[in-house]
Every structure is written in C-alpha cells, then in structure tokens.
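**Student:** I'm passing along query-v6.cif; it holds mmCIF, C-alpha atoms.
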data_coords
#
loop_
_atom_site.label_atom_id
_atom_site.label_comp_id
_atom_site.auth_asym_id
_atom_site.auth_seq_id
_atom_site.Cartn_x
_atom_site.Cartn_y
_atom_site.Cartn_z
CA MET R 247 34.58 9.96 -47.16
CA ASN R 248 34.63 6.23 -47.80
CA PRO R 249 34.36 5.64 -51.59
CA GLN R 250 32.28 2.51 -50.97
CA VAL R 251 29.41 3.72 -48.82
CA LEU R 252 27.06 0.78 -48.29
CA SER R 253 24.18 2.66 -46.68
CA VAL R 254 23.11 6.29 -46.73
CA ALA R 255 20.26 7.90 -44.80
CA PHE R 256 18.69 11.07 -46.19
CA VAL R 257 16.82 13.22 -43.68
CA THR R 258 14.13 15.23 -45.43
CA VAL R 259 11.28 17.60 -44.57
CA ALA R 260 9.26 17.78 -47.77
CA HIS R 261 5.72 17.09 -46.59
CA ARG R 262 4.46 20.66 -46.12
CA PRO R 263 5.95 24.15 -46.49
CA ALA R 264 6.12 24.64 -42.70
CA ASP R 265 7.91 21.36 -41.97
CA PRO R 266 11.50 22.69 -42.18
CA GLU R 267 10.78 25.13 -39.38
CA LEU R 268 9.04 22.40 -37.39
CA ALA R 269 12.19 20.29 -37.68
CA LEU R 270 13.99 23.01 -35.72
CA THR R 271 11.50 22.86 -32.84
CA ALA R 272 13.29 22.22 -29.55
CA VAL R 273 12.47 19.04 -27.63
CA GLY R 274 14.41 18.41 -24.46
CA GLY R 275 16.86 21.17 -25.32
CA ALA R 276 17.66 20.01 -28.87
CA ALA R 277 15.96 20.41 -32.24
CA LEU R 278 13.91 17.53 -33.61
CA LEU R 279 16.40 17.43 -36.48
CA THR R 280 19.24 16.99 -33.99
CA HIS R 281 17.49 14.05 -32.30
CA THR R 282 16.86 12.43 -35.68
CA VAL R 283 20.44 12.78 -36.90
CA ARG R 284 21.94 11.62 -33.61
CA GLY R 285 19.92 8.45 -33.72
CA LEU R 286 20.80 7.67 -37.32
CA LEU R 287 24.48 8.25 -36.62
CA GLY R 288 24.17 5.90 -33.66
CA THR R 289 22.90 3.09 -35.88
CA PRO R 290 26.04 1.10 -36.79
CA GLU R 291 24.60 -0.17 -40.08
CA ILE R 292 24.36 3.40 -41.46
CA ASP R 293 27.55 4.73 -43.03
CA LEU R 294 26.47 8.23 -44.07
CA VAL R 295 23.77 10.69 -42.99
CA VAL R 296 22.74 13.55 -45.27
CA ALA R 297 20.24 16.28 -44.38
CA ALA R 298 18.41 17.76 -47.36
CA ALA R 299 17.85 21.38 -46.36
CA PRO R 300 15.64 23.91 -48.13
CA GLU R 301 17.74 26.93 -49.05
CA ARG R 302 16.00 29.18 -46.53
CA CYS R 303 16.84 26.78 -43.68
CA ALA R 304 20.32 25.59 -44.70
CA LYS R 305 22.12 27.71 -42.11
CA SER R 306 19.74 26.71 -39.31
CA PHE R 307 20.01 23.03 -40.27
CA SER R 308 23.80 23.27 -40.21
CA GLU R 309 23.67 24.80 -36.76
CA ALA R 310 21.30 22.07 -35.53
CA VAL R 311 23.74 19.32 -36.54
CA ARG R 312 26.94 21.16 -35.59
CA GLY R 313 29.42 18.72 -34.12
CA LEU R 314 27.64 15.75 -35.70
CA ASP R 315 28.99 13.83 -38.69
CA CYS R 316 26.10 14.85 -40.94
CA ARG R 317 26.38 16.44 -44.36
CA VAL R 318 23.87 19.24 -45.02
CA VAL R 319 23.02 19.73 -48.70
CA PRO R 320 21.02 22.89 -49.54
CA GLY R 321 18.39 22.48 -52.22
CA GLU R 322 14.70 22.21 -52.92
CA SER R 323 14.56 18.45 -53.57
CA LEU R 324 15.96 15.14 -52.46
CA ARG R 325 17.29 14.71 -55.98
CA GLN R 326 19.89 17.41 -55.30
CA ALA R 327 21.01 15.78 -52.06
CA PHE R 328 21.34 12.43 -53.80
CA ALA R 329 23.41 13.91 -56.62
CA ALA R 330 25.86 15.27 -54.05
CA VAL R 331 26.74 11.80 -52.71
CA GLU R 332 25.88 9.41 -55.55
CA PRO R 333 29.51 9.10 -56.76
CA ILE R 334 30.66 7.58 -53.46
CA LEU R 335 27.88 4.99 -53.13
CA SER R 336 28.55 1.30 -53.61
CA PRO R 337 26.48 -0.39 -56.35
CA ASN R 338 24.93 -2.44 -53.54
CA ALA R 339 24.15 0.54 -51.33
CA VAL R 340 20.89 0.81 -49.41
CA VAL R 341 19.24 4.23 -49.45
CA LEU R 342 17.02 5.33 -46.58
CA VAL R 343 14.71 8.35 -46.71
CA HIS R 344 13.67 9.49 -43.26
CA ASP R 345 11.27 12.23 -42.17
CA ALA R 346 13.07 14.65 -39.85
CA LEU R 347 9.88 15.00 -37.79
CA ARG R 348 9.91 11.30 -36.92
CA ALA R 349 12.73 11.95 -34.49
CA PHE R 350 11.98 9.10 -32.10
CA THR R 351 11.77 6.14 -34.45
CA PRO R 352 13.37 3.17 -32.65
CA GLN R 353 16.62 1.92 -34.12
CA ARG R 354 15.17 -1.58 -34.38
CA THR R 355 12.71 -0.22 -36.95
CA VAL R 356 15.54 1.30 -38.98
CA ARG R 357 17.47 -1.95 -38.83
CA GLN R 358 14.45 -3.94 -39.99
CA VAL R 359 14.04 -1.67 -43.01
CA LEU R 360 17.72 -2.04 -43.87
CA ALA R 361 17.52 -5.82 -43.46
CA ALA R 362 14.46 -6.09 -45.69
CA VAL R 363 16.24 -4.30 -48.54
CA ARG R 364 19.43 -6.29 -48.06
CA ASP R 365 17.34 -9.45 -48.16
CA GLY R 366 16.12 -8.54 -51.63
CA ALA R 367 13.18 -6.13 -51.30
CA PRO R 368 13.64 -3.22 -53.74
CA VAL R 369 11.61 -0.98 -51.40
CA ALA R 370 10.64 -1.43 -47.74
CA VAL R 371 8.51 0.69 -45.43
CA PRO R 372 7.52 0.42 -41.73
CA VAL R 373 3.77 0.32 -41.13
CA LEU R 374 1.27 0.14 -38.29
CA PRO R 375 -2.20 -1.45 -38.43
CA MET R 376 -5.00 1.08 -38.67
CA SER R 377 -6.77 1.25 -35.31
CA ASP R 378 -9.29 4.03 -35.97
CA THR R 379 -12.60 3.45 -37.67
CA VAL R 380 -12.40 4.88 -41.19
CA LYS R 381 -15.39 6.39 -43.01
CA THR R 382 -15.95 7.62 -46.53
CA THR R 383 -18.04 10.73 -47.12
CA ASP R 384 -19.69 12.43 -50.08
CA GLU R 385 -19.11 15.99 -51.28
CA ASN R 386 -21.49 17.27 -48.58
CA GLY R 387 -19.58 15.60 -45.76
CA ILE R 388 -22.24 12.91 -45.24
CA VAL R 389 -20.92 9.47 -44.24
CA THR R 390 -21.48 6.98 -47.05
CA ALA R 391 -19.67 3.86 -45.82
CA THR R 392 -17.35 2.31 -43.26
CA VAL R 393 -14.07 1.12 -44.76
CA ASP R 394 -12.80 -2.34 -43.83
CA ARG R 395 -9.61 -1.50 -41.96
CA ASP R 396 -8.17 -5.04 -41.89
CA GLY R 397 -5.99 -4.29 -44.90
CA LEU R 398 -5.27 -0.66 -44.01
CA ARG R 399 -1.91 0.45 -42.66
CA SER R 400 -0.39 3.80 -41.70
CA ALA R 401 3.05 4.25 -43.24
CA GLN R 402 6.07 5.60 -41.40
CA THR R 403 9.71 6.21 -42.26
CA PRO R 404 12.48 5.48 -42.99
CA VAL R 405 11.59 4.14 -46.41
CA GLY R 406 14.37 1.90 -47.67
CA PHE R 407 15.44 1.43 -51.30
CA SER R 408 17.99 -0.54 -53.19
CA LEU R 409 20.18 1.87 -55.14
CA SER R 410 18.61 0.91 -58.47
CA ALA R 411 15.09 1.25 -57.05
CA PHE R 412 15.91 4.68 -55.66
CA ARG R 413 17.26 5.89 -58.98
CA SER R 414 14.07 4.68 -60.65
CA ALA R 415 11.95 6.40 -58.02
CA LEU R 416 13.82 9.66 -58.58
CA ALA R 417 12.77 9.54 -62.22
CA ASP R 418 9.14 9.76 -61.07
CA SER R 419 9.40 12.07 -58.05
CA ALA R 420 11.83 14.62 -56.66
CA ASP R 421 11.15 13.20 -53.18
CA PRO R 422 10.43 9.49 -53.68
CA GLY R 423 10.62 8.50 -50.04
CA LEU R 424 7.54 10.60 -49.39
CA ALA R 425 5.64 9.48 -52.49
CA ASP R 426 3.68 6.36 -53.42
CA THR R 427 5.33 3.16 -52.15
CA ALA R 428 3.02 0.68 -53.89
CA GLY R 429 4.71 -2.71 -54.12
CA ALA R 430 6.97 -2.11 -51.12
CA ALA R 431 7.70 -4.79 -48.56
CA THR R 432 6.58 -3.90 -45.04
CA VAL R 433 8.17 -4.20 -41.61
CA PRO R 434 6.57 -3.45 -38.23
CA GLY R 435 6.36 0.23 -37.39
CA ASP R 436 6.33 1.70 -33.90
CA PRO R 437 4.05 4.19 -32.10
CA ASP R 438 7.10 6.21 -31.02
CA ALA R 439 7.81 6.94 -34.71
CA MET R 440 5.03 9.55 -34.82
CA ARG R 441 5.50 12.76 -36.78
CA VAL R 442 5.93 15.53 -34.26
CA ALA R 443 3.89 18.17 -36.05
CA SER R 444 1.28 19.35 -33.55
CA ALA R 445 1.20 20.72 -30.01
CA PHE R 446 -0.14 17.40 -28.72
CA GLU R 447 2.61 15.41 -30.47
CA LEU R 448 5.19 17.84 -29.11
CA THR R 449 3.93 17.14 -25.61
CA LEU R 450 4.31 13.41 -26.23
CA ALA R 451 7.82 13.95 -27.59
CA GLU R 452 8.82 15.93 -24.50
CA ALA R 453 7.55 13.06 -22.36
CA LEU R 454 9.58 10.55 -24.39
CA VAL R 455 12.75 12.56 -23.90
CA ALA R 456 12.08 13.15 -20.21
CA GLY R 457 11.48 9.43 -19.71
CA GLY R 458 15.01 8.55 -20.82
CA ASP R 459 16.47 5.06 -21.20
CA ARG R 460 14.04 4.10 -23.95
CA GLU R 461 15.08 1.17 -26.08
CA ASP R 462 17.19 2.27 -29.05
CA PRO R 463 15.61 5.69 -29.70
CA LEU R 464 16.28 7.54 -32.91
#
Rewrite the structure of this file - the entire thing - as structure tokens.

**Tutor:**
Amino acid sequence: MNPQVLSVAFVTVAHRPADPELALTAVGGAALLTHTVRGLLGTPEIDLVVAAAPERCAKSFSEAVRGLDCRVVPGESLRQAFAAVEPILSPNAVVLVHDALRAFTPQRTVRQVLAAVRDGAPVAVPVLPMSDTVKTTDENGIVTATVDRDGLRSAQTPVGFSLSAFRSALADSADPGLADTAGAATVPGDPDAMRVASAFELTLAEALVAGGDREDPL
C-alpha cells in the first residue's frame, strides 16, 4: 500500500449490537456494506477504505467486499482498525468515519466533508435541518414544551477528521465518529444518506437502487 495515504475512510457499524447483521442485509442483490464500500472506492479523493468488523462478522464482512479493494480489520472498536493502518498515513491525512448503514450517501456529501477538513476544519459532519416538531416530556410522558427547531440539525456520516483531531478523539472514545461532535464544522447532508435500519427504510433503499442513474450514489 502507498506509504503516504492522504485519506482513509473507515466503515463502521457500532451504533447498536444488531447493526453488523443489518449491514449484511441485501438491497438490490448486494449487501448494504457492499454498496457503501463500492461508493467510497469510487470516490477519487479517497485513497484507502477499511471496514471495521466485529469478530463475529469478520468472515461475512470479508465475503461482502470480496473483489473490492477494501481492507477488513476484525476487532471490537474503531481504535483497532486505526492502529492497523496508522503507520502508512501521511501526517496531513484526512480520516473519515462512515456508518455502513448509510449506504446511499451521495459522493458530493463525502467530497464536501473532505474539503471542509482540508480547508482547515479539525472535524466536519454533514447535517440536515430538523423538519419535525420536537417536544420535551416529563417522566410521565406528558408534553412540557415545544423545542425551537431553528438551531436543531440531524447529523449524518461520514464524519471527517484531521489526523491529529482523530487521534485526540480516540483518546476519549473507541468509536469517535459516532460520538459527540461538538465544535465540528457542518456541510449540507442529504436525504438519501438515511440509515437503512428499518423495514420502511429498506423499502426506500430498494427503490433507490431500482431507480438507477442517481447522481453520485455511495
């Protein structure tokens, strides 16, 4: 591998215990993980793609990316995957952490995250404005207030880091891309970057694949 990797994308599934199996769900004849990795590999600005695979799913993950230039690193945390490739990263490398279940994130979103970090943001994250009305409730489930949603955003992935910022984040969390991103710069997210984690979202994903010729899918 190139000893001066300038950008690495880690694909991870650390939200919930069931997520690794969900990443293997077939959509249009290929696993969600396969769609995600294919898109990242098709993004010219990304030099290396690494899938962080829980031990129980390492074999299945390897099968899902067979024939693709993706390194699968077994382990229980993103820290282990990072350690496997850290020696070949350039000091100016950009690190992306991407949720395997967001298999249809447009490439333009990925490029905007990369550009934000290369332009000087230590951390960058794609976001969408909150469209739903948000309520707070008490311990009995009674509505107590309506939250002003003007400043609310839903966060997506990939989360981008400078190499130094990622190392610092690893000191606080084994999976920093899925943790608190307070202070991060934001770029526009995209509705297609949904997490495919429910039957309804799976139906939408099937429709996206069947539609074909979408702009720069991941």

**Student:** Using only C-alpha atoms, find all polymer residues with an atom at most 10 Å away from the point (10.4, 23.2, -44.0); report them as a list in words.

**Tutor:**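 I get Thr258, Val259, Ala260, His261, Arg262, Pro263, Ala264, Asp265, Pro266, Glu267, Leu268, Ala269, Leu270, Ala299, Pro300, Glu301, Arg302, Cys303, Glu322 and Ala346 of chain R for the residues within 10 Å of that point.
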
**Student:** Exactly which residues make up the result of the PyMOL selection byres ((chain R and resi 445-456) around 9) on this file, given as a list of chain:residue names?

**Tutor:**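 This file gives the following for the PyMOL selection byres ((chain R and resi 445-456) around 9): R:Thr271, R:Val273, R:Gly274, R:Ala349, R:Phe350, R:Asp438, R:Met440, R:Arg441, R:Val442, R:Ala443, R:Ser444, R:Gly457, R:Gly458, R:Asp459, R:Arg460.
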
**Student:** What does the distance from CA of Ser253 in chain R to CA of Leu278 in chain R come to in Å, to one decimal?

**Tutor:**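 Atom-to-atom, CA of Ser253 in chain R to CA of Leu278 in chain R, that is 22.3 Å.
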
**Student:** Just say which residues the PyMOL selection byres ((chain R and resi 381) around 8) picks in this file, as a ChimeraX atom specification.

**Tutor:** /R:379-380,382-383,389-393

**Student:** Name the residues that the PyMOL selection byres ((chain R and resi 318) around 9) pulls out of this structure, and write them as number ranges by chain.

**Tutor:** R: 295-299, 304, 307-308, 311, 316-317, 319-320, 327

**Student:** One number please: CA of Arg357 in chain R to CA of Gly288 in chain R, in Å, one decimal.

**Tutor:**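 According to the coordinates, CA of Arg357 in chain R and CA of Gly288 in chain R are separated by 11.5 Å.
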
**Student:** So, counting all atoms listed in the file, which residue among R:Thr282, R:Gln358, R:Ser419, R:Ser377 is closest to Gly435 in chain R?

**Tutor:** R:Gln358

**Student:** Neighbouring residues of Val359 in chain R were defined as those with any atom within 10 Å, considering only C-alpha atoms; residues of the same chain fewer than 6 positions away were excluded. Please report them as a ChimeraX atom specification.

**Tutor:** /R:340,342,353,365,367,369-372,403-407,431-435

**Student:** Work out how far CA of Arg284 in chain R is from CA of Ser306 in chain R, in Å to one decimal.

**Tutor:** 16.3 Å

**Student:** I'd like the neighbourhood of Phe328 in chain R as a ChimeraX atom specification, where a residue qualifies if any of its atoms comes within 10 Å (using all atoms listed in the file), though same-chain residues fewer than 4 positions away should be ignored.

**Tutor:** /R:254,256,296,298,319,323-324,332-333,335,341,412-413,416

**Student:** For each of R:Val343, R:Pro368, R:Ala277, R:Lys305, take the minimum atom-to-atom distance to Gly429 in chain R, counting all atoms listed in the file, then give the residue where this is smallest.

**Tutor:**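 Distance minimum relative to Gly429 in chain R lands on R:Pro368.
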
**Student:** Nearest to Pro352 in chain R among R:Ile388, R:Ala330, R:Val283, R:Ala439, with distances taken over all atoms listed in the file: which residue is it?

**Tutor:**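 Closest to Pro352 in chain R, using all atoms listed in the file: R:Ala439.
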
**Student:** Around all the atoms of range 409-422 of chain R listed in the file, with 3 Å of room on each side, what axis-aligned box do you get, giving centre and edge lengths in Å to one decimal, as AutoDock Vina command-line options?

**Tutor:**
--center_x 14.7 --center_y 7.8 --center_z -57.7 --size_x 17.0 --size_y 19.7 --size_z 15.0

**Student:** Of the residues R:Leu374, R:Asn338, R:Ala255, R:Ser414, which is the one nearest to Gly397 in chain R, using only C-alpha atoms?

**Tutor:**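 Going through R:Leu374, R:Asn338, R:Ala255, R:Ser414 one by one, the smallest distance to Gly397 in chain R is for R:Leu374.
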